[in-house]
Amino acid sequence: VRNLEKKFGEHEVLKDISFDLFEGDVVCIIGSSGSGKSTLLRCINHLETPTSGQILYHGYPLTKDAQTINRFRSQVGMVFQQFNLFNICMKYLEKVGMAPYVKAKPHQLSGGMKQRVAIARALAMEPEVLLFDEPTSALDPEMVGEVLSVMKQLANEGYIVEDAPPQELFNNPKEARTREFLSRFMQG
């Protein structure tokens, strides 16, 4: 870390911070509440943009492009002050009907259960957009229903393009997007 500074408006939180860390080092940052300890860590991980200074990783300065930052973050984990992850986890496991299995091991879960846990994991990130890439394609037919049920519940919390009974949806869709999708799906 070289000459790192961080200001919030006129308030200077970090001033000319420089230090080196090497493999195997254990470093503790101590200071009173509000002294900038968390801000320093957030700047190092580029969760906050430093006002000035440099952060070098393996001798190379981190640039501000997303690809470099994402590669760096994949190598540098961070545990936040707020440690209510278990409560967040439970919230989303409940949402997908998997709370009773919180202590289950992956090999004890069916394909549909694993997929619902995967949905809970994605929800825990509280994304603005949730993408599903053929989430039922690897499931046995009897497991498809439980995953689709969760997806339908989530969709009810958001925008639904078309909602109709199955017979009407497949035979007489009202929306062009639905017709286009079904034509591709039904053809194989």
# chains A, B, ... in the order shown; residues from 1 in each chain; ligands from 1

$ select_by_dssp --residues "region 60-172 of chain A" --states "helix (DSSP H, G or I)" --output "PyMOL selection string"
chain A and resi 66-75+85-95+99-101+106-108+111-124+141-156+166-171

$ closest_residue --among "A:Asp140, A:Ile88, A:Leu148, A:Arg71" --to "Arg116 (chain A)" --atoms "only C-alpha atoms"
A:Leu148

$ atom_distance --atom1 "CA of Val96 (chain A)" --atom2 "CA of Ser149 (chain A)"
9.0 Å

$ closest_residue --among "A:Leu139, A:Val147, A:Ile55, A:Val117" --to "Met98 (chain A)" --atoms "only C-alpha atoms"
A:Val117

$ select_by_dssp --residues "chain A" --states "strand (DSSP E or B)" --output "list in words"
Arg2, Asn3, Leu4, Glu5, Lys6, Lys7, Phe8, His11, Glu12, Val13, Leu14, Lys15, Asp16, Ile17, Ser52, Gly53, Gln54, Leu56, Tyr57, Tyr60 and Pro61 of chain A

$ closest_residue --among "A:Pro106, A:Tyr101, A:Ile29, A:Val1" --to "Tyr57 (chain A)" --atoms "only C-alpha atoms"
A:Val1

$ atom_distance --atom1 "CA of Gln75 (chain A)" --atom2 "CA of Phe8 (chain A)"
27.5 Å

$ atom_distance --atom1 "CA of Arg2 (chain A)" --atom2 "CA of Gly53 (chain A)"
5.6 Å

$ closest_residue --among "A:Met143, A:Leu131, A:Cys28, A:Leu123" --to "Ser110 (chain A)" --atoms "only C-alpha atoms"
A:Met143

$ decode --residues "region 162-185 of chain A" --atoms "N, CA, C and O atoms" --output "tab-separated table (two decimals), in the first residue's frame"
chain	number	residue	atom	x	y	z
A	162	GLU	N	-46.17	-13.34	-18.46
A	162	GLU	CA	-47.48	-13.93	-18.73
A	162	GLU	C	-47.78	-14.99	-17.68
A	162	GLU	O	-46.93	-15.81	-17.37
A	163	ASP	N	-48.98	-14.95	-17.14
A	163	ASP	CA	-49.41	-15.90	-16.14
A	163	ASP	C	-50.73	-16.49	-16.59
A	163	ASP	O	-51.71	-15.77	-16.75
A	164	ALA	N	-50.73	-17.79	-16.84
A	164	ALA	CA	-51.95	-18.44	-17.33
A	164	ALA	C	-51.90	-19.91	-16.92
A	164	ALA	O	-50.83	-20.45	-16.65
A	165	PRO	N	-53.04	-20.57	-16.91
A	165	PRO	CA	-53.05	-22.01	-16.66
A	165	PRO	C	-52.21	-22.71	-17.74
A	165	PRO	O	-52.12	-22.23	-18.88
A	166	PRO	N	-51.59	-23.84	-17.42
A	166	PRO	CA	-50.70	-24.51	-18.37
A	166	PRO	C	-51.31	-24.75	-19.75
A	166	PRO	O	-50.67	-24.47	-20.77
A	167	GLN	N	-52.54	-25.24	-19.78
A	167	GLN	CA	-53.20	-25.54	-21.08
A	167	GLN	C	-53.28	-24.28	-21.94
A	167	GLN	O	-52.94	-24.30	-23.12
A	168	GLU	N	-53.70	-23.17	-21.33
A	168	GLU	CA	-53.82	-21.91	-22.07
A	168	GLU	C	-52.45	-21.35	-22.44
A	168	GLU	O	-52.25	-20.87	-23.55
A	169	LEU	N	-51.49	-21.43	-21.52
A	169	LEU	CA	-50.14	-20.90	-21.77
A	169	LEU	C	-49.48	-21.62	-22.94
A	169	LEU	O	-48.90	-20.99	-23.82
A	170	PHE	N	-49.57	-22.95	-22.97
A	170	PHE	CA	-48.91	-23.71	-24.03
A	170	PHE	C	-49.66	-23.68	-25.36
A	170	PHE	O	-49.04	-23.71	-26.43
A	171	ASN	N	-50.98	-23.63	-25.32
A	171	ASN	CA	-51.76	-23.69	-26.56
A	171	ASN	C	-52.16	-22.34	-27.13
A	171	ASN	O	-52.40	-22.23	-28.33
A	172	ASN	N	-52.27	-21.32	-26.26
A	172	ASN	CA	-52.74	-20.02	-26.74
A	172	ASN	C	-52.09	-18.88	-25.95
A	172	ASN	O	-52.78	-18.11	-25.29
A	173	PRO	N	-50.75	-18.75	-26.03
A	173	PRO	CA	-50.11	-17.67	-25.28
A	173	PRO	C	-50.49	-16.31	-25.84
A	173	PRO	O	-50.63	-16.14	-27.04
A	174	LYS	N	-50.65	-15.35	-24.93
A	174	LYS	CA	-51.08	-14.01	-25.33
A	174	LYS	C	-49.90	-13.13	-25.75
A	174	LYS	O	-50.03	-12.29	-26.63
A	175	GLU	N	-48.75	-13.29	-25.11
A	175	GLU	CA	-47.61	-12.43	-25.36
A	175	GLU	C	-46.71	-12.99	-26.46
A	175	GLU	O	-46.45	-14.19	-26.52
A	176	ALA	N	-46.20	-12.10	-27.32
A	176	ALA	CA	-45.30	-12.51	-28.41
A	176	ALA	C	-44.04	-13.17	-27.86
A	176	ALA	O	-43.56	-14.15	-28.43
A	177	ARG	N	-43.51	-12.64	-26.76
A	177	ARG	CA	-42.31	-13.24	-26.17
A	177	ARG	C	-42.56	-14.68	-25.74
A	177	ARG	O	-41.70	-15.54	-25.90
A	178	THR	N	-43.74	-14.94	-25.20
A	178	THR	CA	-44.07	-16.29	-24.77
A	178	THR	C	-44.20	-17.20	-25.98
A	178	THR	O	-43.69	-18.33	-25.97
A	179	ARG	N	-44.87	-16.71	-27.03
A	179	ARG	CA	-45.03	-17.53	-28.26
A	179	ARG	C	-43.66	-17.88	-28.84
A	179	ARG	O	-43.41	-19.01	-29.23
A	180	GLU	N	-42.77	-16.88	-28.90
A	180	GLU	CA	-41.44	-17.10	-29.47
A	180	GLU	C	-40.66	-18.13	-28.65
A	180	GLU	O	-40.05	-19.06	-29.18
A	181	PHE	N	-40.70	-17.99	-27.33
A	181	PHE	CA	-40.00	-18.93	-26.47
A	181	PHE	C	-40.56	-20.34	-26.64
A	181	PHE	O	-39.82	-21.31	-26.79
A	182	LEU	N	-41.87	-20.47	-26.58
A	182	LEU	CA	-42.49	-21.78	-26.67
A	182	LEU	C	-42.23	-22.43	-28.02
A	182	LEU	O	-42.08	-23.66	-28.10
A	183	SER	N	-42.19	-21.64	-29.08
A	183	SER	CA	-41.94	-22.24	-30.39
A	183	SER	C	-40.55	-22.88	-30.42
A	183	SER	O	-40.37	-23.96	-30.97
A	184	ARG	N	-39.57	-22.23	-29.81
A	184	ARG	CA	-38.22	-22.81	-29.74
A	184	ARG	C	-38.20	-24.01	-28.80
A	184	ARG	O	-37.59	-25.03	-29.09
A	185	PHE	N	-38.89	-23.92	-27.69
A	185	PHE	CA	-38.92	-24.99	-26.70
A	185	PHE	C	-39.62	-26.23	-27.22
A	185	PHE	O	-39.15	-27.35	-27.04
